[in-house]
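Below: the structure, in structure tokens.
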Amino acid sequence: MQRILIPLVFVCAFSANAQISAELFVDGKAQDRIEFKDSIQFVRHLKDLQLRWLNDGYYFSGIDSLIERGAPTFVYLHKGDRLKVNLPDFRGKKLPKFLSEQLKEFANNGYPFASIYLDSTRLSDRILTGKLMISPGPEIRYDSSYFFETPKTNRSYIFQLLDIVPGELFSEKDYRLIGQKIERSSFLSLGRPTDLSFKDNRAKVFLDIQESTSSSFQGVLGLQQVQAGKTVAVGSIDLDLQNLFRSGKEFQLHWERFSEESQSLNLFYKHPFFLESKLAPSFRFDLLKQDTTFITRKTGLGLHTFISPRSELFLEFERTNGSLLSTDLETIVSSGLADFTRNIYGLQLSKGRASSLGVLKEGVVWKGAISAGRKNINRNLSLPDSYYDTIQAETNFYRLEAILMYQKRLMKRQAFFHRIESGFLQNDELLTNELYRLGGLNSMRGFNEKSIFAERYLLSRAEFRSFFENNSFAYVFYDQLIYTSGNISDQPYGLGLGFALATSAGQFSFALAVGDSDAQAISFSTMKIHFGYVSKF
């Protein structure tokens, strides 16, 4: 009598003892002794081994017995004879591949101990016939996780971030990706690999969550020449709250004075896992005032969601209003300005966090965005009607943007950091007060803040960093910009040196930069000095 039950996945649920030492015997002979960090890894190894045998034609392979008397656990398997198979329901299909996909589907939907077996089997002339059956095994749901150290961050946020919400169906795939999903957060990390145990149809995940200071306050001060013999102080203030109310909420404020009468304000708020969903709504408000010429206001409403362990999809509606502050016709005509309203819809994909590249390790961060919509030119009653005779009132507006950042270790404590970004605007009536603004410490070093107006640009920022601590380093840099704006085309560059010094309370930064362009020659008199302090709390 041949065997009629062929278990491909052994249904075994270990309790609180997560680490397993197992000795495997195949057809009575010792095969391997392997250490497994948890029962999921143990079951996965047996599953892969049996699927390999099945792929080679050993259709009666399986597990005879399992003896657990402390360490190690003895597992006795049989390989059986190599046979041909004739399953009418699966003609034309690659059976091993089909079985593997079925087992993964069960394991990722609450049934990690599913088994597949043959029923009503018959063996004739080494040809096996029968009916393939699937036994799902017990339904497993997540239990509340065990934390080696009690986290200050709200547990519900951690569960949603890692996709291990108590009461939801267990997923082997999600469990295996915990180490990657923790990188979604800038303030959480794992102190050690995760462990797992099963008891009473519940899966308990053991987490060693490490929390770091995530919020920061930054001040940057610079000196800028506005005219011959006159220098003014410019600077910025950044407030970044990354774990507001210990629930993962984000709030950012950026204020900047970039010339004597010009300044900008940026506000951003993000609410993760709104109403325990996978969606995170956000609100954005940007204001830019250019001396006494114009003011631009942007309001954005968006939705964020993770589409892979570290990749995020972002959808946004943006409304922009541009208003003239000056009614001097000569200035407005020569500068190409007008009042306008613009409504656009955007889609963005991103991966990784830029803050992760400020320490001595390798990594890649990227972001790509596309936006489209309509723009309306608004008539200003202080300007003559003739000014609008050659201007199209309604036009289509398109915007493309991309950023790539990476850091590559070169030697023991040296690294090469590179940031490449580009922007593209397309509109039949593109105005000066809606162009990209470049220049300054965070874009094109060696030039005044927001002094370059660009319709299309490509910017490369390269740094050679020498670390004397994991997040303290000195660097030399070279920035290269290629841009166009109407009939203007230029390729300015900037170079210099600086350092970032980490302290117990934050990070102090200092940079010297000079720049060269068609409108500015390299000179010590135009050297830009930037220094600031980032306080972590």
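Each chain of the structure tokens is named A, B, ... in the order shown, its residues numbered from 1; ligands are numbered from 1 in display order.
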| message | DSSP on the backbone, alpha helix (DSSP H) only: what residues of range 292-478 of chain A does that give? Format it as a PyMOL selection string. | response | chain A and resi 329-335
Give me a file of those residues, with N, CA and C atoms, as a compact mmCIF listing (two decimals), in the first residue's frame.
```txt
# COMPACT_ATOMS: atom_id res chain seq x y z
N LEU A 329 4.33 99.99 -14.67
CA LEU A 329 4.17 99.26 -15.92
C LEU A 329 5.51 98.89 -16.52
N GLU A 330 6.48 99.78 -16.46
CA GLU A 330 7.78 99.50 -17.06
C GLU A 330 8.45 98.31 -16.39
N THR A 331 8.38 98.26 -15.05
CA THR A 331 8.97 97.13 -14.30
C THR A 331 8.25 95.84 -14.61
N ILE A 332 6.93 95.88 -14.68
CA ILE A 332 6.14 94.68 -14.91
C ILE A 332 6.37 94.12 -16.31
N VAL A 333 6.43 94.99 -17.30
CA VAL A 333 6.64 94.55 -18.68
C VAL A 333 8.04 93.97 -18.84
N SER A 334 9.06 94.64 -18.30
CA SER A 334 10.44 94.17 -18.46
C SER A 334 10.69 92.87 -17.71
N SER A 335 9.95 92.66 -16.62
CA SER A 335 10.16 91.45 -15.81
C SER A 335 9.26 90.29 -16.23
```
| Which neighbours of Asp38 in chain A fall inside 8 Å, counting only C-alpha atoms, when residues of the same chain fewer than 2 positions from it are skipped, and could you give them as number ranges by chain? | A: 18-20, 36, 40-42, 195-197
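Straight-line separation from CA of Ile116 in chain A to CA of Leu77 in chain A: 16.1 Å.
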| 9 Å contact set for range 307-313 of chain A, only C-alpha atoms, chain neighbours under 6 positions out, as JSON, numbers by chain | {"A": [162, 174, 177, 178, 180, 181, 182, 183, 184, 347, 348, 349, 350, 351, 352]}
| field | Selection near Leu267 in chain A, 6 Å with only C-alpha atoms, sequence-local residues under 4 positions removed, as a VMD selection string | value | chain A and resid 252 to 253 284 to 285
| field | Every residue of range 186-419 of chain A that DSSP places in strand (DSSP E or B), as a PyMOL selection string | value | chain A and resi 188-190+195-199+202-207+209-211+216-227+230-244+249-259+262-270+280-290+294-306+311-324+339-351+363-378+394-409+414-419
